[in-house]
$ cat entry.txt   # compact mmCIF, C-alpha atoms and all ligand atoms
# COMPACT_ATOMS: atom_id res chain seq x y z
CA MET A 1 16.28 12.59 -9.62
CA ASP A 2 13.21 13.67 -7.64
CA ILE A 3 10.78 14.83 -10.34
CA ALA A 4 7.65 14.97 -8.13
CA LYS A 5 5.69 18.21 -7.86
CA ARG A 6 4.30 18.01 -4.36
CA PHE A 7 0.98 19.63 -3.46
CA LYS A 8 1.63 22.91 -1.65
CA GLU A 9 -1.30 21.91 0.62
CA ASN A 10 0.57 18.82 1.94
CA PRO A 11 -0.22 17.02 4.14
CA ILE A 12 -3.82 16.86 2.91
CA LEU A 13 -4.99 14.53 5.71
CA LYS A 14 -3.54 14.13 9.21
CA PRO A 15 -4.48 11.81 12.09
CA GLN A 16 -6.07 14.74 14.00
CA ASP A 17 -8.55 15.26 11.13
CA LEU A 18 -10.37 11.99 11.90
CA ALA A 19 -12.47 10.59 14.70
CA ALA A 20 -11.42 7.15 15.93
CA SER A 21 -13.56 4.15 14.97
CA THR A 22 -14.58 3.53 18.61
CA ALA A 23 -14.41 5.55 21.83
CA ASP A 24 -11.62 3.26 23.19
CA LEU A 25 -9.19 4.08 20.38
CA GLN A 26 -7.16 6.98 18.99
CA VAL A 27 -6.08 7.52 15.40
CA ILE A 28 -2.28 7.20 15.44
CA CYS A 29 -1.41 7.41 11.72
CA LEU A 30 -2.94 7.68 8.27
CA LEU A 31 -1.20 5.76 5.54
CA ASN A 32 -1.05 4.63 1.94
CA PRO A 33 -4.47 5.22 0.33
CA GLY A 34 -6.00 3.28 -2.54
CA VAL A 35 -7.30 5.78 -5.11
CA PHE A 36 -9.96 5.82 -7.82
CA SER A 37 -12.10 8.27 -9.71
CA TRP A 38 -15.78 7.55 -10.01
CA LYS A 39 -18.82 9.57 -11.02
CA GLY A 40 -16.81 12.81 -11.32
CA LYS A 41 -15.12 12.58 -7.91
CA ILE A 42 -11.75 11.39 -6.64
CA TYR A 43 -11.83 8.86 -3.81
CA LEU A 44 -9.18 7.83 -1.30
CA LEU A 45 -9.47 4.57 0.62
CA VAL A 46 -7.19 5.53 3.50
CA ARG A 47 -5.48 3.14 5.90
CA VAL A 48 -6.34 4.36 9.40
CA ALA A 49 -4.05 2.94 12.10
CA GLU A 50 -5.33 3.07 15.68
CA ASN A 51 -4.44 2.16 19.25
CA VAL A 52 -5.52 3.10 22.74
CA ALA A 53 -4.06 6.26 24.31
CA PRO A 54 -0.36 5.81 25.13
CA GLN A 55 0.76 5.42 28.75
CA LEU A 56 4.28 5.83 30.06
CA GLY A 57 6.06 2.51 30.65
CA LYS A 58 3.43 0.47 28.80
CA ILE A 59 2.91 -0.97 25.34
CA PHE A 60 -0.57 -1.74 24.09
CA VAL A 61 -1.16 -4.20 21.28
CA PRO A 62 -4.58 -3.90 19.65
CA MET A 63 -6.12 -6.86 17.82
CA ARG A 64 -9.43 -8.53 17.10
CA SER A 65 -10.65 -11.66 18.82
CA THR A 66 -11.77 -14.65 16.77
CA THR A 67 -15.29 -13.18 17.01
CA ASP A 68 -14.03 -9.81 15.67
CA LEU A 69 -14.18 -7.94 19.01
CA LEU A 70 -11.41 -5.51 19.93
CA GLU A 71 -8.84 -6.88 22.39
CA ILE A 72 -5.89 -5.02 23.86
CA MET A 73 -2.78 -6.86 25.06
CA GLU A 74 -0.99 -4.78 27.70
CA LEU A 75 2.77 -5.17 28.21
CA LYS A 76 5.38 -3.43 30.34
CA VAL A 77 8.18 -1.80 28.30
CA ASP A 78 10.79 -3.42 30.54
CA ASP A 79 9.35 -6.93 30.13
CA PRO A 80 12.38 -9.14 29.33
CA ASP A 81 10.27 -11.12 26.84
CA LEU A 82 9.60 -7.98 24.77
CA ILE A 83 11.62 -6.74 21.77
CA ASN A 84 10.54 -3.18 21.10
CA THR A 85 12.94 -1.58 18.62
CA ASP A 86 10.58 -0.72 15.71
CA PRO A 87 7.60 1.65 16.25
CA ARG A 88 5.53 -0.48 13.84
CA VAL A 89 5.99 -3.97 15.21
CA ILE A 90 7.02 -5.68 18.46
CA THR A 91 8.08 -9.21 19.26
CA TYR A 92 6.74 -10.78 22.44
CA ARG A 93 7.71 -14.28 23.53
CA GLY A 94 8.97 -14.98 20.03
CA LEU A 95 5.78 -13.86 18.24
CA ASP A 96 5.36 -10.69 16.17
CA TYR A 97 2.54 -8.19 16.71
CA LEU A 98 1.65 -4.81 15.22
CA THR A 99 1.61 -1.72 17.45
CA THR A 100 -1.52 -0.39 15.69
CA ILE A 101 -4.56 -1.99 14.08
CA SER A 102 -5.59 -0.65 10.68
CA HIS A 103 -8.90 -0.40 8.86
CA LEU A 104 -9.81 1.37 5.62
CA ARG A 105 -11.91 4.51 5.38
CA LEU A 106 -13.30 6.22 2.29
CA PHE A 107 -12.91 9.94 1.52
CA SER A 108 -14.11 11.88 -1.54
CA SER A 109 -13.14 15.13 -3.22
CA ASP A 110 -14.20 17.34 -6.12
CA ASP A 111 -10.79 18.97 -6.58
CA GLY A 112 -8.42 16.16 -5.53
CA ILE A 113 -7.04 18.27 -2.67
CA ASN A 114 -9.83 18.79 -0.14
CA PHE A 115 -11.23 15.44 1.00
CA GLU A 116 -14.40 14.80 2.98
CA PRO A 117 -15.18 11.57 4.84
CA GLU A 118 -17.73 9.17 3.39
CA LEU A 119 -19.62 6.64 5.49
CA VAL A 120 -17.75 3.59 4.14
CA ALA A 121 -15.35 1.90 6.59
CA LEU A 122 -13.92 -1.58 6.01
CA HIS A 123 -12.56 -3.56 8.96
CA GLY A 124 -10.69 -6.82 9.21
CA LYS A 125 -12.90 -9.89 9.46
CA GLY A 126 -12.05 -13.39 10.55
CA TYR A 127 -8.88 -15.17 11.67
CA ALA A 128 -6.65 -13.94 8.80
CA GLU A 129 -7.32 -10.23 9.49
CA ARG A 130 -7.08 -10.11 13.29
CA PHE A 131 -4.23 -7.53 13.28
CA GLY A 132 -5.95 -5.37 10.66
CA ILE A 133 -6.16 -4.63 6.94
CA GLU A 134 -3.75 -2.27 5.18
CA ASP A 135 -2.50 -0.55 2.02
CA CYS A 136 -5.43 -1.33 -0.28
CA ARG A 137 -5.03 -1.08 -4.06
CA VAL A 138 -8.25 -0.32 -5.91
CA SER A 139 -8.38 -1.54 -9.54
CA LYS A 140 -11.48 -1.03 -11.68
CA ILE A 141 -11.96 -3.79 -14.23
CA ASP A 142 -15.12 -3.44 -16.35
CA ASP A 143 -17.76 -2.34 -13.81
CA THR A 144 -16.15 -3.99 -10.76
CA PHE A 145 -13.74 -2.49 -8.23
CA TYR A 146 -11.14 -5.01 -6.97
CA LEU A 147 -9.83 -4.15 -3.51
CA SER A 148 -6.57 -6.02 -2.86
CA TYR A 149 -5.13 -5.34 0.59
CA THR A 150 -2.67 -6.62 3.17
CA ALA A 151 -4.39 -8.90 5.69
CA VAL A 152 -2.38 -9.26 8.89
CA SER A 153 -2.81 -11.81 11.68
CA ASP A 154 -0.80 -14.16 13.88
CA ASN A 155 -0.85 -16.48 10.84
CA GLY A 156 1.22 -14.02 8.83
CA VAL A 157 0.97 -11.17 6.33
CA ALA A 158 -1.24 -12.15 3.38
CA VAL A 159 -3.43 -10.58 0.68
CA GLY A 160 -7.20 -10.32 0.91
CA LEU A 161 -9.63 -9.41 -1.87
CA ARG A 162 -13.04 -7.78 -1.71
CA THR A 163 -15.00 -6.59 -4.72
CA THR A 164 -17.76 -4.03 -5.10
CA LYS A 165 -19.69 -2.36 -7.88
CA ASP A 166 -21.38 0.37 -5.84
CA TRP A 167 -19.26 0.95 -2.66
CA HIS A 168 -22.22 -0.20 -0.68
CA ASN A 169 -22.30 -3.97 -1.12
CA PHE A 170 -18.98 -5.81 -0.85
CA GLU A 171 -18.15 -9.38 -1.70
CA ASN A 172 -15.39 -10.93 0.39
CA HIS A 173 -13.25 -13.43 -1.57
CA GLY A 174 -10.92 -14.33 1.31
CA LEU A 175 -7.16 -14.58 0.82
CA ILE A 176 -5.90 -14.55 -2.77
CA PHE A 177 -2.21 -14.87 -1.82
CA PRO A 178 -1.11 -16.70 1.36
CA PRO A 179 1.68 -15.45 3.71
CA HIS A 180 4.13 -13.94 3.28
CA ASN A 181 2.80 -11.65 0.56
CA LYS A 182 1.63 -8.05 0.09
CA ASP A 183 1.64 -5.16 -2.43
CA VAL A 184 -0.84 -6.73 -4.85
CA ALA A 185 -1.98 -4.52 -7.74
CA LEU A 186 -4.31 -5.87 -10.43
CA PHE A 187 -3.92 -4.57 -13.98
CA GLU A 188 -7.07 -2.64 -14.93
CA GLU A 189 -7.53 -4.48 -18.20
CA LYS A 190 -7.13 -8.06 -19.31
CA ILE A 191 -4.20 -9.00 -21.53
CA ASN A 192 -4.85 -11.73 -24.10
CA GLY A 193 -8.03 -12.56 -22.18
CA LYS A 194 -6.34 -13.00 -18.80
CA PHE A 195 -6.22 -10.98 -15.58
CA TYR A 196 -2.74 -9.97 -14.40
CA ALA A 197 -1.47 -8.83 -10.99
CA LEU A 198 1.80 -7.78 -9.44
CA HIS A 199 2.57 -9.21 -6.01
CA ARG A 200 5.39 -9.36 -3.49
CA PRO A 201 6.11 -12.62 -1.73
CA THR A 202 8.94 -12.56 0.81
CA SER A 203 11.49 -15.23 1.39
CA LYS A 204 13.40 -14.97 4.63
CA ASN A 205 16.18 -17.31 3.59
CA ILE A 206 17.06 -17.81 -0.07
CA GLY A 207 15.47 -15.12 -2.28
CA GLY A 208 14.19 -11.77 -1.03
CA ASN A 209 11.52 -9.08 -1.29
CA TYR A 210 10.92 -9.08 -5.05
CA ILE A 211 8.04 -8.11 -7.35
CA TRP A 212 6.30 -11.03 -9.05
CA LEU A 213 3.67 -11.26 -11.78
CA ALA A 214 0.71 -13.67 -11.72
CA GLU A 215 -2.14 -14.49 -14.12
CA SER A 216 -5.72 -15.51 -13.56
CA HIS A 217 -8.85 -16.48 -15.47
CA ASP A 218 -11.25 -14.93 -12.95
CA GLY A 219 -9.25 -12.32 -10.97
CA ILE A 220 -9.44 -14.52 -7.86
CA HIS A 221 -7.39 -17.67 -8.49
CA TRP A 222 -3.80 -16.92 -9.50
CA GLY A 223 -1.03 -18.94 -11.16
CA ASN A 224 1.96 -18.88 -13.53
CA HIS A 225 3.97 -16.79 -11.08
CA GLN A 226 7.08 -15.10 -12.45
CA CYS A 227 9.67 -13.03 -10.61
CA ILE A 228 10.17 -9.81 -12.60
CA VAL A 229 11.79 -7.07 -10.47
CA LYS A 230 14.48 -7.72 -7.86
CA THR A 231 16.28 -5.58 -5.31
CA ARG A 232 19.62 -4.09 -6.44
CA ALA A 233 22.61 -4.30 -4.11
CA THR A 234 24.15 -0.87 -3.36
CA TYR A 235 21.10 0.96 -4.81
CA TRP A 236 18.35 2.88 -2.98
CA ASP A 237 16.12 -0.22 -3.50
CA SER A 238 18.61 -2.76 -2.11
CA ALA A 239 16.40 -4.32 0.61
CA ARG A 240 12.85 -4.48 -0.74
CA VAL A 241 10.77 -3.57 -3.76
CA GLY A 242 6.97 -3.69 -4.09
CA ALA A 243 4.35 -2.57 -6.60
CA GLY A 244 2.37 0.63 -6.13
CA ALA A 245 -1.06 0.87 -7.75
CA ALA A 246 -2.34 -0.64 -11.04
CA PRO A 247 0.12 -0.22 -13.94
CA ILE A 248 -0.55 2.77 -16.21
CA LYS A 249 -0.99 2.19 -19.94
CA THR A 250 1.43 4.43 -21.88
CA GLU A 251 2.64 4.59 -25.48
CA LEU A 252 5.80 2.64 -24.51
CA GLY A 253 4.31 -0.07 -22.31
CA TRP A 254 2.87 -0.56 -18.82
CA LEU A 255 4.33 2.02 -16.45
CA GLU A 256 4.52 0.85 -12.84
CA ILE A 257 5.45 3.19 -10.01
CA TYR A 258 6.97 1.03 -7.28
CA HIS A 259 8.50 1.54 -3.85
CA GLY A 260 11.96 0.49 -2.90
CA ALA A 261 13.74 0.59 0.45
CA ASN A 262 17.31 0.15 1.58
CA GLN A 263 18.64 -1.55 4.72
CA GLU A 264 17.95 1.64 6.72
CA HIS A 265 14.24 1.42 5.79
CA ARG A 266 14.33 4.57 3.67
CA TYR A 267 11.43 4.27 1.24
CA CYS A 268 11.60 5.96 -2.18
CA LEU A 269 9.64 5.60 -5.43
CA GLY A 270 10.96 4.35 -8.75
CA ALA A 271 9.46 3.31 -12.08
CA VAL A 272 9.57 0.23 -14.30
CA LEU A 273 8.22 -0.26 -17.79
CA LEU A 274 6.65 -3.60 -18.75
CA ALA A 275 5.92 -4.85 -22.29
CA PHE A 276 2.30 -4.51 -23.43
CA ASP A 277 1.42 -8.05 -24.39
CA ASN A 278 3.91 -9.71 -22.07
CA PRO A 279 4.15 -7.77 -18.80
CA ALA A 280 6.69 -10.32 -17.49
CA LYS A 281 9.19 -8.56 -19.75
CA VAL A 282 10.83 -5.55 -18.05
CA LEU A 283 11.80 -2.98 -20.69
CA ALA A 284 13.32 -0.31 -18.45
CA ARG A 285 13.85 0.63 -14.81
CA THR A 286 14.89 3.97 -13.32
CA ARG A 287 18.33 3.96 -11.73
CA GLU A 288 17.59 6.84 -9.39
CA PRO A 289 14.39 7.31 -7.39
CA ILE A 290 11.78 9.53 -9.08
CA MET A 291 10.74 10.64 -5.60
CA GLN A 292 12.54 10.46 -2.28
CA PRO A 293 11.81 11.66 1.25
CA GLN A 294 12.91 15.29 1.52
CA GLU A 295 10.12 17.44 3.00
CA SER A 296 9.81 17.71 6.79
CA TYR A 297 6.55 15.66 6.76
CA GLU A 298 8.36 12.91 4.81
CA LEU A 299 11.47 12.90 6.98
CA SER A 300 9.89 12.74 10.41
CA GLY A 301 6.66 11.25 11.70
CA PHE A 302 5.54 7.86 13.02
CA PHE A 303 8.23 6.20 10.88
CA GLY A 304 10.45 8.77 9.17
CA SER A 305 12.10 8.82 5.74
CA VAL A 306 9.18 7.19 3.96
CA VAL A 307 7.29 8.03 0.79
CA PHE A 308 4.99 5.14 -0.15
CA THR A 309 2.27 5.08 -2.79
CA ASN A 310 -0.42 2.61 -3.78
CA GLY A 311 -2.90 4.92 -5.49
CA HIS A 312 -3.08 7.43 -8.30
CA VAL A 313 -5.29 9.09 -10.91
CA VAL A 314 -4.24 9.71 -14.50
CA ASN A 315 -5.43 12.62 -16.59
CA GLY A 316 -3.68 12.75 -19.98
CA ASP A 317 0.01 13.36 -19.25
CA GLU A 318 -0.68 14.24 -15.63
CA LEU A 319 -0.18 11.52 -13.04
CA THR A 320 -1.35 12.47 -9.55
CA ILE A 321 -0.11 10.09 -6.90
CA TYR A 322 -1.41 10.05 -3.36
CA TYR A 323 1.09 8.79 -0.85
CA GLY A 324 1.80 8.09 2.78
CA ALA A 325 4.52 10.35 4.19
CA SER A 326 6.56 9.04 7.14
CA ASP A 327 3.80 6.48 7.81
CA GLU A 328 1.66 9.25 9.33
CA PHE A 329 0.25 11.74 6.81
CA ILE A 330 -1.59 11.56 3.49
CA CYS A 331 -0.01 13.73 0.78
CA GLY A 332 -0.27 14.28 -2.96
CA ALA A 333 2.20 14.92 -5.79
CA LYS A 334 2.04 15.26 -9.54
CA PHE A 335 4.29 13.83 -12.23
CA SER A 336 4.40 14.31 -15.98
CA ILE A 337 4.14 10.81 -17.46
CA LYS A 338 6.36 11.97 -20.35
CA GLU A 339 9.02 13.03 -17.88
CA VAL A 340 8.90 9.64 -16.11
CA LEU A 341 9.15 7.90 -19.50
CA THR A 342 12.16 10.08 -20.38
CA GLN A 343 13.90 8.92 -17.18
CA LEU A 344 13.02 5.35 -18.13
CA SER A 345 14.12 5.55 -21.75
CA ALA A 346 17.65 6.35 -20.57
CA THR A 347 17.65 2.86 -19.02
CA MET A 348 15.96 0.83 -21.81
CA LEU A 349 17.18 -2.72 -21.39
C1 LIG A 401 5.65 -3.68 8.07
C2 LIG A 401 5.19 -2.25 7.81
C3 LIG A 401 3.97 -1.92 8.63
C4 LIG A 401 2.91 -2.96 8.44
C5 LIG A 401 3.46 -4.36 8.63
C6 LIG A 401 2.45 -5.44 8.26
O1 LIG A 401 6.11 -3.82 9.36
O2 LIG A 401 4.90 -2.09 6.45
O3 LIG A 401 3.43 -0.67 8.27
O4 LIG A 401 1.88 -2.71 9.36
O5 LIG A 401 4.59 -4.58 7.84
O6 LIG A 401 2.07 -5.34 6.93

$ encode --input "entry.txt" --output "C-alpha cells"
Amino acid sequence: MDIAKRFKENPILKPQDLAASTADLQVICLLNPGVFSWKGKIYLLVRVAENVAPQLGKIFVPMRSTTDLLEIMELKVDDPDLINTDPRVITYRGLDYLTTISHLRLFSSDDGINFEPELVALHGKGYAERFGIEDCRVSKIDDTFYLSYTAVSDNGVAVGLRTTKDWHNFENHGLIFPPHNKDVALFEEKINGKFYALHRPTSKNIGGNYIWLAESHDGIHWGNHQCIVKTRATYWDSARVGAGAAPIKTELGWLEIYHGANQEHRYCLGAVLLAFDNPAKVLARTREPIMQPQESYELSGFFGSVVFTNGHVVNGDELTIYYGASDEFICGAKFSIKEVLTQLSATML
C-alpha cells in the first residue's frame, strides 16, 4: 500500500532550475539526492545529469578524458554498430556508455521544501569516474560525513568514497567496492565496534541484483560480505533490489527503505527491518511497496515509472524522504515511521 504523503510542492527541483556546469552542456535530469541535516539546515547532494544540446539524427555521449577534460563522442542514430533502446545507456561496438554524465551539487534549505544552490560541486576524477558519479549516500559517523557514490567508467560501475568534515575539504578514498556494485549506504553508528554498510553487487549469470551487508574496521576496507535481501519472483521487486540511505534506528530494529524494480523497470520503494546487534538478520520485509509511481511526475519523464530514494531526514516519528521521480525531478514525501513499522510487523519472519 502506498503510504507516502507527497509534498504538494512537488517537484521541488527541476532541470530548468539549474545552470549547467559548463557552457557546452545542458542539464538533462536531476536525480536521487543524498540528504543530511547540519547546523540547522537540510542539505541535498543532487545528482545532476548533463549532455550537449540534442540534435536530430545524432547521439552524443559525454565523458571525461584520462586527464579529466570533457569529451563528446558523436554517433549517428542509424549507425549499425549502435544499440539505442534505453534512454539511459547505449551500446556501441559492444561497449556500454551512458547518455548523460553526472556530477553532484549541493543545495540547502531552512524549511526542507525550498532549496538554494550552494557552491559545492563534486565531479568525477580519474579513470574509474570517467562516465560520472551518481546517487550519493551521505552518512554522518561521529564528526565525519561519508559520501558513498556510484562511480561509472568503461571499467564498470563501482563505488567511490569521499569523506569531509566541513563540506569544504574532501578526502578521496578511491573505490571501496569494485565493479559491478552500487547502492552503498553506511550505517551511521558502529555496531559492536565495527562499521557496517549495505551494498549491491550484480551477477550477470548465477545470482542477481541482491542487497549485501559488509563490515569494516575503518569504514574504508570492507569484508565479511553476506547476502541479506534477494529479489522475489512475481513480486514488484522481482528484478533488482538496492539499499536507499543509511538505516534508521527504531524501537524494533534497523529500518531500511530500499528500492525494488520488476522486469519492466518499474521502481518502487519497500522496507526491511534488520536486527540491532546483527544486521545480517532480516526480521521483516514489506510484501507490497510502501510507495509506487503514481503521480504524473513519477509516471513520465526522462525514464518513467520510477521513484528512487537514497536520502532522508528523521524527526521523531516523521521520516522525510527525498527522491528522484522518473529519473528527472527531485521530490519529497513524508512517512510515519510507526506506520511503516506496522506494515512490517504484519510480515515478521
Ligand atoms: C543504470 C541506471 C542509470 C545509471 C547507470 C549507471 O543504467 O541506474 O541511471 O546512470 O545504471 O549507474

$ atom_distance --input "entry.txt" --atom1 "CA of Leu283 (chain A)" --atom2 "CA of Gly193 (chain A)"
22.1 Å

$ residues_near_point --input "entry.txt" --point "(3.3, 6.4, 6.6)" --cutoff "9 Å" --atoms "all atoms listed in the file" --output "ChimeraX atom specification"
/A:29-32,298,301-304,306-308,323-330

$ residues_around --input "entry.txt" --residues "region 71-84 of chain A" --least-positions-apart "2" --cutoff "7 Å" --atoms "all atoms listed in the file" --output "list in words"
Gly57, Lys58, Ile59, Phe60, Val61, Pro62, Met63, Arg64, Ser65, Leu69, Asp86, Ile90, Thr91, Tyr92 and Arg93 of chain A

$ atom_distance --input "entry.txt" --atom1 "CA of Ala261 (chain A)" --atom2 "CA of Thr202 (chain A)"
14.0 Å

$ residues_around --input "entry.txt" --residues "region 157-170 of chain A" --least-positions-apart "3" --cutoff "7 Å" --atoms "all atoms listed in the file" --output "list in words"
Asp143, Thr144, Phe145, Tyr146, Leu147, Ser148, Tyr149, Thr150, Ala151, Val152, Ser153, His173, Gly174, Leu175, Ile176, Phe177, Pro178, Pro179, His180, Asn181 and Lys182 of chain A

$ axis_aligned_box --input "entry.txt" --around "ligand LIG 401 (chain A)" --padding-each-side "3 Å" --output "lines of an AutoDock Vina configuration file"
center_x = 4.0
center_y = -3.1
center_z = 7.9
size_x = 10.2
size_y = 10.8
size_z = 8.9

$ residues_near_point --input "entry.txt" --point "(-1.1, -9.4, -9.2)" --cutoff "9 Å" --atoms "all atoms listed in the file" --output "PyMOL selection string"
chain A and resi 183-187+195-200+212-216+219+222

$ write_last_selection --input "entry.txt" --atoms "C-alpha atoms" --output "tab-separated table (two decimals), in the coordinates of the input"
chain	number	residue	atom	x	y	z
A	183	ASP	CA	1.64	-5.16	-2.43
A	184	VAL	CA	-0.84	-6.73	-4.85
A	185	ALA	CA	-1.98	-4.52	-7.74
A	186	LEU	CA	-4.31	-5.87	-10.43
A	187	PHE	CA	-3.92	-4.57	-13.98
A	195	PHE	CA	-6.22	-10.98	-15.58
A	196	TYR	CA	-2.74	-9.97	-14.40
A	197	ALA	CA	-1.47	-8.83	-10.99
A	198	LEU	CA	1.80	-7.78	-9.44
A	199	HIS	CA	2.57	-9.21	-6.01
A	200	ARG	CA	5.39	-9.36	-3.49
A	212	TRP	CA	6.30	-11.03	-9.05
A	213	LEU	CA	3.67	-11.26	-11.78
A	214	ALA	CA	0.71	-13.67	-11.72
A	215	GLU	CA	-2.14	-14.49	-14.12
A	216	SER	CA	-5.72	-15.51	-13.56
A	219	GLY	CA	-9.25	-12.32	-10.97
A	222	TRP	CA	-3.80	-16.92	-9.50

$ residues_around --input "entry.txt" --residues "Ser108 (chain A)" --least-positions-apart "5" --cutoff "8 Å" --atoms "all atoms listed in the file" --output "ChimeraX atom specification"
/A:41-44,115-118

$ residues_around --input "entry.txt" --residues "Val52 (chain A)" --least-positions-apart "6" --cutoff "7 Å" --atoms "only C-alpha atoms" --output "list in words"
Asp24, Leu25 and Gln26 of chain A

$ residues_around --input "entry.txt" --residues "Lys8 (chain A)" --least-positions-apart "4" --cutoff "12 Å" --atoms "all atoms listed in the file" --output "list of chain:residue names"
A:Ala4, A:Ile12, A:Ile113, A:Glu295, A:Cys331, A:Gly332, A:Ala333, A:Lys334

$ write_last_selection --input "entry.txt" --atoms "C-alpha atoms" --output "PDB file, keeping the file's coordinate frame"
ATOM      1  CA  ALA A   4       7.650  14.970  -8.130  1.00  0.00           C
ATOM      2  CA  ILE A  12      -3.820  16.860   2.910  1.00  0.00           C
ATOM      3  CA  ILE A 113      -7.040  18.270  -2.670  1.00  0.00           C
ATOM      4  CA  GLU A 295      10.120  17.440   3.000  1.00  0.00           C
ATOM      5  CA  CYS A 331      -0.010  13.730   0.780  1.00  0.00           C
ATOM      6  CA  GLY A 332      -0.270  14.280  -2.960  1.00  0.00           C
ATOM      7  CA  ALA A 333       2.200  14.920  -5.790  1.00  0.00           C
ATOM      8  CA  LYS A 334       2.040  15.260  -9.540  1.00  0.00           C
TER       9      LYS A 334
END

$ atom_distance --input "entry.txt" --atom1 "CA of Asp111 (chain A)" --atom2 "CA of Ser37 (chain A)"
11.2 Å
